[in-house]
Each structure stands twice: as C-alpha cells, then as structure tokens.
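Student: So here's upload_24.cif, just mmCIF, C-alpha atoms, pLDDT in the B column; chains and numbers go by the auth columns:
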data_upload
#
loop_
_atom_site.group_PDB
_atom_site.id
_atom_site.type_symbol
_atom_site.label_atom_id
_atom_site.label_comp_id
_atom_site.label_asym_id
_atom_site.label_seq_id
_atom_site.Cartn_x
_atom_site.Cartn_y
_atom_site.Cartn_z
_atom_site.B_iso_or_equiv
_atom_site.auth_seq_id
_atom_site.auth_asym_id
ATOM 1 C CA GLN A 1 -8.135 -6.863 1.023 95.00 196 F
ATOM 2 C CA GLN A 2 -7.396 -10.557 1.437 95.00 197 F
ATOM 3 C CA ALA A 3 -8.889 -11.439 -1.945 97.00 198 F
ATOM 4 C CA PHE A 4 -6.676 -8.797 -3.584 98.00 199 F
ATOM 5 C CA LEU A 5 -3.512 -10.033 -1.878 97.00 200 F
ATOM 6 C CA ASN A 6 -4.276 -13.708 -2.475 97.00 201 F
ATOM 7 C CA TYR A 7 -4.845 -13.072 -6.161 98.00 202 F
ATOM 8 C CA ILE A 8 -1.604 -11.195 -6.838 97.00 203 F
ATOM 9 C CA ASN A 9 0.419 -13.576 -4.675 95.00 204 F
ATOM 10 C CA GLN A 10 -0.784 -16.594 -6.665 96.00 205 F
ATOM 11 C CA SER A 11 -0.746 -14.917 -10.078 97.00 206 F
ATOM 12 C CA PRO A 12 2.202 -15.612 -12.400 96.00 207 F
ATOM 13 C CA VAL A 13 1.447 -12.276 -14.073 96.00 208 F
ATOM 14 C CA TYR A 14 1.146 -10.051 -11.002 97.00 209 F
ATOM 15 C CA HIS A 15 3.196 -11.901 -8.374 96.00 210 F
ATOM 16 C CA HIS A 16 6.064 -9.394 -8.605 94.00 211 F
ATOM 17 C CA TRP A 17 3.768 -6.683 -7.190 97.00 212 F
ATOM 18 C CA THR A 18 3.264 -8.572 -3.917 97.00 213 F
ATOM 19 C CA PRO A 19 6.124 -6.944 -1.900 97.00 214 F
ATOM 20 C CA ILE A 20 5.069 -3.349 -2.505 98.00 215 F
ATOM 21 C CA PHE A 21 1.351 -3.944 -1.998 98.00 216 F
ATOM 22 C CA VAL A 22 1.975 -5.896 1.215 98.00 217 F
ATOM 23 C CA THR A 23 4.224 -3.060 2.385 98.00 218 F
ATOM 24 C CA LEU A 24 1.650 -0.375 1.571 97.00 219 F
ATOM 25 C CA LEU A 25 -1.166 -2.294 3.267 97.00 220 F
ATOM 26 C CA GLY A 26 1.027 -3.163 6.253 96.00 221 F
ATOM 27 C CA THR A 27 2.507 0.272 6.966 96.00 222 F
ATOM 28 C CA GLY A 28 0.065 2.942 5.771 94.00 223 F
ATOM 29 C CA MET A 29 2.876 4.870 4.114 95.00 224 F
ATOM 30 C CA ARG A 30 2.132 7.529 1.540 93.00 225 F
ATOM 31 C CA ILE A 31 3.025 6.294 -1.914 95.00 226 F
ATOM 32 C CA ALA A 32 5.898 8.791 -2.312 95.00 227 F
ATOM 33 C CA GLU A 33 7.340 7.569 0.988 96.00 228 F
ATOM 34 C CA CYS A 34 7.063 3.914 -0.009 97.00 229 F
ATOM 35 C CA VAL A 35 8.542 4.074 -3.514 97.00 230 F
ATOM 36 C CA GLY A 36 11.399 6.162 -2.112 97.00 231 F
ATOM 37 C CA LEU A 37 12.525 3.515 0.380 98.00 232 F
ATOM 38 C CA THR A 38 16.190 2.542 0.195 98.00 233 F
ATOM 39 C CA ARG A 39 18.083 -0.276 1.883 97.00 234 F
ATOM 40 C CA LYS A 40 19.341 2.150 4.514 97.00 235 F
ATOM 41 C CA ASP A 41 15.770 2.860 5.579 98.00 236 F
ATOM 42 C CA ILE A 42 15.084 -0.750 6.585 98.00 237 F
ATOM 43 C CA ASP A 43 16.232 -1.796 10.060 98.00 238 F
ATOM 44 C CA PHE A 44 15.686 -5.542 10.254 97.00 239 F
ATOM 45 C CA GLU A 45 17.337 -5.842 13.666 97.00 240 F
ATOM 46 C CA ASN A 46 14.799 -3.524 15.297 97.00 241 F
ATOM 47 C CA GLU A 47 12.059 -4.303 12.765 98.00 242 F
ATOM 48 C CA LEU A 48 11.555 -0.650 11.843 98.00 243 F
ATOM 49 C CA ILE A 49 11.169 1.375 8.652 98.00 244 F
ATOM 50 C CA SER A 50 12.607 4.889 8.689 97.00 245 F
ATOM 51 C CA VAL A 51 10.446 7.377 6.766 96.00 246 F
ATOM 52 C CA ASN A 52 12.598 10.431 6.099 96.00 247 F
ATOM 53 C CA HIS A 53 12.130 11.477 2.453 96.00 248 F
ATOM 54 C CA ASN A 54 9.741 11.308 -0.507 96.00 249 F
ATOM 55 C CA LEU A 55 10.386 10.208 -4.077 97.00 250 F
ATOM 56 C CA LEU A 56 8.349 12.457 -6.371 95.00 251 F
ATOM 57 C CA TYR A 57 7.719 12.327 -10.120 94.00 252 F
ATOM 58 C CA ARG A 58 7.169 15.818 -11.485 91.00 253 F
ATOM 59 C CA LYS A 59 7.269 17.707 -14.761 87.00 254 F
ATOM 60 C CA ILE A 60 10.114 20.210 -14.634 87.00 255 F
ATOM 61 C CA ASP A 61 11.000 22.402 -17.617 87.00 256 F
ATOM 62 C CA GLY A 62 8.623 20.381 -19.760 88.00 257 F
ATOM 63 C CA LYS A 63 10.146 17.014 -18.865 90.00 258 F
ATOM 64 C CA CYS A 64 9.027 14.513 -16.213 90.00 259 F
ATOM 65 C CA ARG A 65 11.690 13.320 -13.818 93.00 260 F
ATOM 66 C CA PHE A 66 12.169 11.912 -10.345 95.00 261 F
ATOM 67 C CA LEU A 67 13.309 14.071 -7.455 96.00 262 F
ATOM 68 C CA ILE A 68 13.727 13.725 -3.716 97.00 263 F
ATOM 69 C CA SER A 69 11.837 15.970 -1.324 95.00 264 F
ATOM 70 C CA THR A 70 11.798 16.208 2.440 90.00 265 F
ATOM 71 C CA PRO A 71 8.481 15.571 4.230 84.00 266 F
ATOM 72 C CA LYS A 72 6.234 18.630 4.559 75.00 267 F
ATOM 73 C CA THR A 73 5.928 18.364 8.334 84.00 268 F
ATOM 74 C CA ALA A 74 8.057 17.052 11.177 88.00 269 F
ATOM 75 C CA SER A 75 5.325 14.486 11.936 86.00 270 F
ATOM 76 C CA SER A 76 5.930 12.823 8.581 91.00 271 F
ATOM 77 C CA ILE A 77 9.472 11.910 9.644 94.00 272 F
ATOM 78 C CA ARG A 78 8.912 8.777 11.705 94.00 273 F
ATOM 79 C CA PHE A 79 9.645 5.113 12.333 96.00 274 F
ATOM 80 C CA ILE A 80 7.032 2.520 11.398 95.00 275 F
ATOM 81 C CA PRO A 81 7.166 -0.943 13.007 95.00 276 F
ATOM 82 C CA MET A 82 7.177 -3.840 10.566 97.00 277 F
ATOM 83 C CA CYS A 83 4.529 -6.505 10.996 95.00 278 F
ATOM 84 C CA PRO A 84 5.718 -10.065 10.203 97.00 279 F
ATOM 85 C CA GLU A 85 4.225 -9.990 6.686 97.00 280 F
ATOM 86 C CA VAL A 86 5.996 -6.762 5.726 98.00 281 F
ATOM 87 C CA LEU A 87 9.275 -7.900 7.276 98.00 282 F
ATOM 88 C CA ALA A 88 9.150 -11.197 5.355 98.00 283 F
ATOM 89 C CA GLU A 89 8.372 -9.536 2.022 97.00 284 F
ATOM 90 C CA LEU A 90 11.082 -6.878 2.348 98.00 285 F
ATOM 91 C CA ALA A 91 13.678 -9.361 3.553 97.00 286 F
ATOM 92 C CA GLY A 92 12.890 -11.684 0.665 97.00 287 F
ATOM 93 C CA LEU A 93 13.025 -8.898 -1.905 97.00 288 F
ATOM 94 C CA ILE A 94 16.245 -7.353 -0.625 96.00 289 F
ATOM 95 C CA ALA A 95 17.914 -10.775 -0.513 95.00 290 F
ATOM 96 C CA ILE A 96 17.503 -11.172 -4.297 94.00 291 F
ATOM 97 C CA LEU A 97 17.597 -7.510 -5.307 93.00 292 F
ATOM 98 C CA ASP A 98 21.106 -7.607 -6.741 89.00 293 F
ATOM 99 C CA THR A 99 20.201 -10.559 -8.984 92.00 294 F
ATOM 100 C CA LEU A 100 17.062 -8.993 -10.444 91.00 295 F
ATOM 101 C CA TYR A 101 18.655 -6.253 -12.534 91.00 296 F
ATOM 102 C CA ASP A 102 21.588 -5.893 -14.893 88.00 297 F
ATOM 103 C CA THR A 103 22.067 -2.250 -13.951 90.00 298 F
ATOM 104 C CA PRO A 104 22.611 -0.630 -10.537 91.00 299 F
ATOM 105 C CA SER A 105 19.874 1.314 -8.815 94.00 300 F
ATOM 106 C CA PRO A 106 19.269 4.835 -10.140 95.00 301 F
ATOM 107 C CA THR A 107 20.652 7.636 -7.986 96.00 302 F
ATOM 108 C CA ILE A 108 18.308 10.553 -7.340 96.00 303 F
ATOM 109 C CA ASP A 109 19.577 13.640 -5.538 96.00 304 F
ATOM 110 C CA GLY A 110 22.148 11.559 -3.665 96.00 305 F
ATOM 111 C CA TYR A 111 19.761 8.714 -2.767 97.00 306 F
ATOM 112 C CA THR A 112 20.380 5.254 -4.201 96.00 307 F
ATOM 113 C CA ASP A 113 19.779 1.541 -3.487 96.00 308 F
ATOM 114 C CA PHE A 114 16.034 1.960 -3.965 97.00 309 F
ATOM 115 C CA ILE A 115 14.120 -1.176 -3.026 97.00 310 F
ATOM 116 C CA PHE A 116 11.115 -0.949 -5.326 97.00 311 F
ATOM 117 C CA ARG A 117 11.794 -0.910 -9.069 95.00 312 F
ATOM 118 C CA ASN A 118 9.974 -2.158 -12.135 91.00 313 F
ATOM 119 C CA ARG A 119 11.069 -5.062 -14.304 86.00 314 F
ATOM 120 C CA TYR A 120 13.352 -2.755 -16.303 88.00 315 F
ATOM 121 C CA GLY A 121 15.085 -1.487 -13.186 91.00 316 F
ATOM 122 C CA ASP A 122 13.411 1.926 -13.294 93.00 317 F
ATOM 123 C CA LEU A 123 11.840 3.572 -10.269 96.00 318 F
ATOM 124 C CA LEU A 124 8.107 3.421 -9.596 96.00 319 F
ATOM 125 C CA ASN A 125 5.613 6.264 -9.467 92.00 320 F
ATOM 126 C CA PRO A 126 1.940 6.469 -8.434 91.00 321 F
ATOM 127 C CA HIS A 127 0.743 6.326 -12.048 93.00 322 F
ATOM 128 C CA SER A 128 2.435 2.974 -12.703 94.00 323 F
ATOM 129 C CA LEU A 129 0.993 1.516 -9.500 96.00 324 F
ATOM 130 C CA ASN A 130 -2.507 2.773 -10.276 97.00 325 F
ATOM 131 C CA ARG A 131 -2.299 1.237 -13.757 96.00 326 F
ATOM 132 C CA ALA A 132 -1.214 -2.063 -12.191 97.00 327 F
ATOM 133 C CA ILE A 133 -4.147 -1.940 -9.767 98.00 328 F
ATOM 134 C CA GLU A 134 -6.574 -1.331 -12.638 98.00 329 F
ATOM 135 C CA ARG A 135 -5.261 -4.379 -14.509 98.00 330 F
ATOM 136 C CA ILE A 136 -5.361 -6.543 -11.376 98.00 331 F
ATOM 137 C CA ILE A 137 -8.963 -5.532 -10.618 98.00 332 F
ATOM 138 C CA ARG A 138 -9.986 -6.184 -14.225 98.00 333 F
ATOM 139 C CA ASP A 139 -8.436 -9.646 -14.379 98.00 334 F
ATOM 140 C CA TYR A 140 -9.447 -10.669 -10.874 98.00 335 F
ATOM 141 C CA ASN A 141 -13.089 -9.693 -11.407 98.00 336 F
ATOM 142 C CA ALA A 142 -13.270 -11.467 -14.758 98.00 337 F
ATOM 143 C CA GLU A 143 -11.897 -14.658 -13.194 97.00 338 F
ATOM 144 C CA GLU A 144 -14.077 -14.355 -10.091 98.00 339 F
ATOM 145 C CA LEU A 145 -17.262 -13.898 -12.144 98.00 340 F
ATOM 146 C CA LYS A 146 -16.475 -17.078 -14.047 97.00 341 F
ATOM 147 C CA LEU A 147 -15.670 -19.058 -10.893 97.00 342 F
ATOM 148 C CA ALA A 148 -18.771 -17.798 -9.088 97.00 343 F
ATOM 149 C CA GLU A 149 -20.965 -18.857 -11.980 97.00 344 F
ATOM 150 C CA GLU A 150 -19.417 -22.316 -11.997 97.00 345 F
ATOM 151 C CA ASP A 151 -19.838 -22.628 -8.220 96.00 346 F
ATOM 152 C CA GLN A 152 -23.338 -21.100 -8.293 96.00 347 F
ATOM 153 C CA ARG A 153 -22.517 -18.430 -5.713 96.00 348 F
ATOM 154 C CA SER A 154 -22.368 -14.671 -5.523 96.00 349 F
ATOM 155 C CA PRO A 155 -19.030 -13.261 -6.759 97.00 350 F
ATOM 156 C CA LEU A 156 -16.693 -11.385 -4.411 97.00 351 F
ATOM 157 C CA LEU A 157 -15.737 -8.521 -6.705 97.00 352 F
ATOM 158 C CA LEU A 158 -13.058 -5.912 -6.133 97.00 353 F
ATOM 159 C CA PRO A 159 -14.249 -2.297 -6.303 96.00 354 F
ATOM 160 C CA HIS A 160 -12.352 0.416 -8.127 96.00 355 F
ATOM 161 C CA PHE A 161 -9.669 1.937 -5.893 95.00 356 F
ATOM 162 C CA SER A 162 -6.393 3.809 -6.161 95.00 357 F
ATOM 163 C CA VAL A 163 -3.040 3.218 -4.516 96.00 358 F
ATOM 164 C CA HIS A 164 -3.833 5.938 -1.961 92.00 359 F
ATOM 165 C CA SER A 165 -6.817 3.848 -0.821 93.00 360 F
ATOM 166 C CA LEU A 166 -4.349 1.335 0.631 95.00 361 F
ATOM 167 C CA ARG A 167 -3.206 3.952 3.158 91.00 362 F
ATOM 168 C CA HIS A 168 -6.796 4.403 4.324 88.00 363 F
ATOM 169 C CA THR A 169 -7.245 0.630 4.454 91.00 364 F
ATOM 170 C CA PHE A 170 -4.261 0.361 6.797 91.00 365 F
ATOM 171 C CA CYS A 171 -5.667 3.134 8.984 87.00 366 F
ATOM 172 C CA THR A 172 -9.007 1.313 9.095 86.00 367 F
ATOM 173 C CA ARG A 173 -7.324 -1.871 10.281 88.00 368 F
ATOM 174 C CA MET A 174 -5.463 0.105 12.957 86.00 369 F
ATOM 175 C CA PHE A 175 -8.670 1.610 14.312 83.00 370 F
ATOM 176 C CA GLU A 176 -10.214 -1.849 14.461 83.00 371 F
ATOM 177 C CA VAL A 177 -7.560 -3.088 16.900 82.00 372 F
ATOM 178 C CA GLU A 178 -5.905 -0.018 18.467 76.00 373 F
ATOM 179 C CA SER A 179 -7.624 2.338 20.936 73.00 374 F
ATOM 180 C CA ASN A 180 -4.649 4.713 21.279 78.00 375 F
ATOM 181 C CA HIS A 181 -5.451 7.341 18.651 77.00 376 F
ATOM 182 C CA LYS A 182 -2.196 9.197 19.305 83.00 377 F
ATOM 183 C CA ALA A 183 -0.227 6.076 18.386 84.00 378 F
ATOM 184 C CA ILE A 184 -2.167 5.781 15.141 82.00 379 F
ATOM 185 C CA GLN A 185 -1.488 9.454 14.405 85.00 380 F
ATOM 186 C CA THR A 186 2.246 8.872 14.895 86.00 381 F
ATOM 187 C CA ILE A 187 2.381 5.846 12.610 86.00 382 F
ATOM 188 C CA MET A 188 0.302 7.569 9.938 85.00 383 F
ATOM 189 C CA GLY A 189 2.476 10.687 10.107 83.00 384 F
ATOM 190 C CA HIS A 190 -0.473 13.054 10.530 73.00 385 F
ATOM 191 C CA ALA A 191 0.495 16.529 11.701 68.00 386 F
ATOM 192 C CA GLU A 192 -2.854 17.022 13.441 67.00 387 F
ATOM 193 C CA ILE A 193 -4.840 14.544 15.523 66.00 388 F
ATOM 194 C CA SER A 194 -7.977 15.960 13.866 65.00 389 F
ATOM 195 C CA THR A 195 -6.909 14.358 10.582 61.00 390 F
ATOM 196 C CA THR A 196 -6.650 10.982 12.290 60.00 391 F
ATOM 197 C CA LEU A 197 -9.959 11.403 14.075 62.00 392 F
ATOM 198 C CA ASP A 198 -11.719 12.434 10.851 68.00 393 F
ATOM 199 C CA ILE A 199 -10.807 9.027 9.450 62.00 394 F
ATOM 200 C CA TYR A 200 -11.886 7.430 12.739 59.00 395 F
ATOM 201 C CA THR A 201 -15.314 9.097 12.485 62.00 396 F
ATOM 202 C CA HIS A 202 -15.746 7.845 8.939 63.00 397 F
ATOM 203 C CA ILE A 203 -14.785 4.301 9.953 61.00 398 F
ATOM 204 C CA THR A 204 -17.013 4.133 13.030 59.00 399 F
ATOM 205 C CA GLU A 205 -19.977 5.495 11.076 61.00 400 F
ATOM 206 C CA ALA A 206 -19.464 2.867 8.369 60.00 401 F
ATOM 207 C CA MET A 207 -19.107 0.088 10.959 56.00 402 F
ATOM 208 C CA SER A 208 -22.241 1.286 12.766 53.00 403 F
ATOM 209 C CA LEU A 209 -24.220 1.306 9.521 54.00 404 F
ATOM 210 C CA SER A 210 -22.982 -2.191 8.692 52.00 405 F
ATOM 211 C CA LEU A 211 -23.994 -3.453 12.152 46.00 406 F
ATOM 212 C CA ARG A 212 -27.460 -1.873 11.891 49.00 407 F
ATOM 213 C CA THR A 213 -27.914 -3.444 8.455 50.00 408 F
ATOM 214 C CA LYS A 214 -26.975 -6.892 9.777 44.00 409 F
ATOM 215 C CA ARG A 215 -29.355 -6.549 12.697 43.00 410 F
ATOM 216 C CA SER A 216 -32.135 -5.449 10.367 44.00 411 F
ATOM 217 C CA ILE A 217 -31.615 -8.523 8.216 40.00 412 F
ATOM 218 C CA THR A 218 -31.268 -10.848 11.217 39.00 413 F
ATOM 219 C CA TYR A 219 -34.397 -9.692 13.021 35.00 414 F
ATOM 220 C CA ASP A 220 -36.586 -8.871 10.046 38.00 415 F
ATOM 221 C CA GLY A 221 -40.034 -10.357 10.686 38.00 416 F
ATOM 222 C CA ASP A 222 -39.314 -11.329 14.310 36.00 417 F
#
Write out the structure in this file as structure tokens.
Tutor:
Amino acid sequence: QQAFLNYINQSPVYHHWTPIFVTLLGTGMRIAECVGLTRKDIDFENELISVNHNLLYRKIDGKCRFLISTPKTASSIRFIPMCPEVLAELAGLIAILDTLYDTPSPTIDGYTDFIFRNRYGDLLNPHSLNRAIERIIRDYNAEELKLAEEDQRSPLLLPHFSVHSLRHTFCTRMFEVESNHKAIQTIMGHAEISTTLDIYTHITEAMSLSLRTKRSITYDGD
C-alpha cells in the first residue's frame, strides 16, 4: 500500500491520481460512492464525508452514460470521518478545482460540482481507474525490478489488483486497529454484520498463517 502511494505521489505521470487513491484507501468507499462525491458532501469543519448517492456508468438504449442512483440500503447512507491524509488531499484538490478546467463540472440528474474528474474535465468511472491502476503497476514494477537489481536486493513488486481491492484494504487496516466490529460495519456501509465479519475471518486467517510462517522460519532447526 505504501509503495503504491509513494510511487504515484512522486511520479510526474501519475501524481494527479493521488487524491482519489488516498481517498479510496482512507475511507473504504465503494467506487461509485467516491467518484460521485460533490463539494456539498465534504464537511471540513466536522471532518466528515457524507455518502448519500452513487455515480454509475451504464449502457442505456445502446449508449453509455452517467446517472445518479440512491444507495441500495439505508446502511449505505452514512458519514465517514476523514483521516488527516484524506482531509489534506481533498482540501488541496478543492482549493484548486476551479483553476484546473476550462469548463464547469458536468451536471448529472441534478448533481454537480463533482470533485473527481479526469484531465479533460469528464467524470470518472471504475473502468478508467482500473486502467490507471494497471499502468501504475506496470511502470512501478518495471522500475522496481531495475532498482532492485542495481541494489542487489529482492524487489518489492505490486500484485495485480482492481480499484475495489482498495475498499478491502481499508477494511483490513480497520480490523488491525479497531476492535468494535459494529463501528467498522457502519463506516463500510454494510447492511449486515455478517458481511463485515466474513472479511474479518478472512483477515484473521491470513494474519494467523503469516504469523505461523514467520515462526516456522524463525525456529527452523532449533
């Protein structure tokens, strides 16, 4: 996670993706919730993000277009606290938003002032973010392989992942530091606690396997 963020933050090619990836990793929002954020949804005074709608990209009558939908369940409508990194990135982006584009924000079903847009001023969709991730992984790994060879060390390579994986990464980080599963459920917007706990089971099993592996290596031969 840190290698991914460090790379895009320092890259002149991918630096503009930093705000949205920091936001996704720091909030656990679904991608449709994140790309649909507007200025009205950001409460800097109380350091909260209001999640109250989705921005979808669907084919309708043979043509793809954006549309707004309401969350499927009441649990998906929620407030997410902003960690310092997310607050800083959103504040910095919003401060320069009006200078980035020659055209005003698109208006979709009455919603406007969207925060996340591409370099042409158009709205983002999961496909564009997944393509960006693929390019970042490709370029990062190529550079890391070269650096590792020069430094005579093992490379720290990024695995293949999709934008939805960032939501699970956030949930993993929450479970590592938060024992209140109900609080995690609320932030994630899960309708059922079982969904949250299914992720918890997966995480604890993976952590247990990792710990057993480390112990096996540490005590091998003793």
Student: Can you find the residues with an atom no farther than 8 Å from (10.2, 14.6, -0.9), counting only C-alpha atoms, and report them as a list of chain:residue names?
Tutor: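 Selection result: F:Ala227, F:Glu228, F:His248, F:Asn249, F:Leu250, F:Leu251, F:Leu262, F:Ile263, F:Ser264, F:Thr265, F:Pro266, F:Lys267.
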Student: Please provide the set of residues having any atom within 9 Å of Asp236 of chain F, restricted to all atoms listed in the file, with same-chain residues fewer than 4 positions apart removed, written as JSON, numbers by chain.
Tutor: {"F": [232, 243, 244, 245, 246, 247]}
Student: For Val281 of chain F, which residue out of F:Phe370, F:Phe216, F:Tyr335, F:Phe199 is the nearest one, using all atoms listed in the file?
Tutor: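 Residue with the minimum atom-to-atom distance to Val281 of chain F: F:Phe216.
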Student: Hey, what's within 12 Å of Leu285 of chain F if we count all atoms listed in the file and toss same-chain stuff fewer than 3 positions away? As a ChimeraX atom specification, please?
Tutor: /F:213-219,221,229,232-234,236-239,242-244,277-282,288-292,309-311
Student: Which is closer to Ile332 of chain F than all the others in F:Cys366, F:Ser357, F:Gln347, F:Gly316, using only C-alpha atoms?
Tutor: F:Ser357
Student: Have a look at atom CA of Asp317 of chain F and atom CA of Ser300 of chain F and let me know their distance in Å, one decimal.
Tutor: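 It comes out at 7.9 Å.
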Student: Using only C-alpha atoms for the distances, tell me which of F:Ile331, F:Asn320, F:Ala269, F:Tyr252 is nearest to Pro207 of chain F.
Tutor: F:Ile331
Student: Using atom CA of Phe261 of chain F and atom CA of Phe365 of chain F as the two end points, give the distance in Å to one decimal.
Tutor: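 Interatomic distance here is 26.4 Å.
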Student: I want to know what sits within 12 Å of Asp334 of chain F, based on only C-alpha atoms, with residues of the same chain fewer than 6 positions away left out; could you give that as a list in words?
Tutor: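 Listing them by chain and then by number gives Phe199, Tyr202, Ile203, Ser206, Val208, Tyr209, Ala327, Ile328, Leu340, Lys341, Leu352 and Leu353 of chain F.
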Student: Between F:Glu373, F:Gly384, F:Phe356, F:Leu351, which has the minimum distance to Ala198 of chain F (counting only C-alpha atoms)?
Tutor: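 Selected residue with least distance to Ala198 of chain F: F:Leu351.
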Student: So how far away is atom CA of Arg225 of chain F from atom CA of Ile303 of chain F, in Å?
Tutor: 18.7 Å
Student: Between F:Thr222, F:Ser270, F:Asn204, F:Asn241, which one has atoms that come closest to Lys377 of chain F, using only C-alpha atoms?
Tutor: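 For Lys377 of chain F, the nearest of the given residues is F:Ser270.
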Student: Build an axis-aligned box that encloses every atom of segment 338-355 of chain F listed in the file, pad it by 6 Å on each side, and report its centre and edge lengths in Å to one decimal, as lines of an AutoDock Vina configuration file.
Tutor:
center_x = -17.6
center_y = -11.1
center_z = -9.2
size_x = 23.4
size_y = 35.0
size_z = 21.6
Student: Taking into account only C-alpha atoms, which residue in the set F:Leu324, F:Met224, F:Cys259, F:Leu200 is nearest to Ile382 of chain F?
Tutor: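 Comparing F:Leu324, F:Met224, F:Cys259, F:Leu200 against Ile382 of chain F, the winner is F:Met224.
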Student: Could you write segment 251-259 of chain F as a compact mmCIF listing (two decimals), in the frame of the given file, with all heavy atoms rebuilt where they are missing?
Tutor:
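Result file rebuild_34.txt:
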# COMPACT_ATOMS: atom_id res chain seq x y z
N LEU F 251 9.41 11.85 -5.57
CA LEU F 251 8.35 12.46 -6.37
C LEU F 251 8.64 12.32 -7.85
O LEU F 251 9.80 12.17 -8.27
CB LEU F 251 8.21 13.94 -6.01
CG LEU F 251 7.95 14.27 -4.53
CD1 LEU F 251 7.88 15.78 -4.34
CD2 LEU F 251 6.68 13.60 -4.04
N TYR F 252 7.59 12.36 -8.66
CA TYR F 252 7.72 12.33 -10.12
C TYR F 252 6.99 13.55 -10.65
O TYR F 252 5.77 13.62 -10.61
CB TYR F 252 7.11 11.04 -10.67
CG TYR F 252 7.41 10.78 -12.13
CD1 TYR F 252 8.71 10.56 -12.56
CD2 TYR F 252 6.38 10.74 -13.07
CE1 TYR F 252 8.99 10.31 -13.89
CE2 TYR F 252 6.64 10.48 -14.41
CZ TYR F 252 7.95 10.27 -14.81
OH TYR F 252 8.22 10.02 -16.15
N ARG F 253 7.74 14.53 -11.11
CA ARG F 253 7.17 15.82 -11.48
C ARG F 253 7.67 16.27 -12.86
O ARG F 253 8.76 15.89 -13.30
CB ARG F 253 7.55 16.88 -10.45
CG ARG F 253 6.99 16.63 -9.06
CD ARG F 253 5.51 16.95 -9.00
NE ARG F 253 4.99 16.87 -7.66
CZ ARG F 253 4.47 15.79 -7.10
NH1 ARG F 253 4.41 14.66 -7.81
NH2 ARG F 253 4.00 15.80 -5.87
N LYS F 254 6.86 17.10 -13.50
CA LYS F 254 7.27 17.71 -14.76
C LYS F 254 8.02 18.99 -14.46
O LYS F 254 7.48 19.92 -13.85
CB LYS F 254 6.07 17.99 -15.64
CG LYS F 254 6.44 18.63 -16.98
CD LYS F 254 5.22 18.84 -17.88
CE LYS F 254 4.78 17.52 -18.48
NZ LYS F 254 3.72 17.73 -19.52
N ILE F 255 9.26 19.05 -14.86
CA ILE F 255 10.11 20.21 -14.63
C ILE F 255 10.72 20.63 -15.97
O ILE F 255 11.35 19.81 -16.66
CB ILE F 255 11.23 19.90 -13.61
CG1 ILE F 255 10.60 19.50 -12.27
CG2 ILE F 255 12.15 21.11 -13.43
CD1 ILE F 255 11.60 19.08 -11.22
N ASP F 256 10.52 21.88 -16.33
CA ASP F 256 11.00 22.40 -17.62
C ASP F 256 10.50 21.55 -18.78
O ASP F 256 11.24 21.26 -19.73
CB ASP F 256 12.54 22.48 -17.63
CG ASP F 256 13.08 23.43 -16.58
OD1 ASP F 256 12.38 24.41 -16.27
OD2 ASP F 256 14.19 23.19 -16.07
N GLY F 257 9.25 21.12 -18.67
CA GLY F 257 8.62 20.38 -19.76
C GLY F 257 8.96 18.90 -19.81
O GLY F 257 8.49 18.20 -20.70
N LYS F 258 9.75 18.43 -18.87
CA LYS F 258 10.15 17.01 -18.86
C LYS F 258 9.90 16.40 -17.49
O LYS F 258 10.26 16.98 -16.47
CB LYS F 258 11.62 16.88 -19.24
CG LYS F 258 12.09 15.45 -19.39
CD LYS F 258 13.53 15.38 -19.85
CE LYS F 258 13.99 13.93 -20.01
NZ LYS F 258 15.41 13.84 -20.44
N CYS F 259 9.28 15.20 -17.48
CA CYS F 259 9.03 14.51 -16.21
C CYS F 259 10.29 13.84 -15.71
O CYS F 259 11.02 13.20 -16.48
CB CYS F 259 7.92 13.47 -16.39
SG CYS F 259 6.28 14.17 -16.66
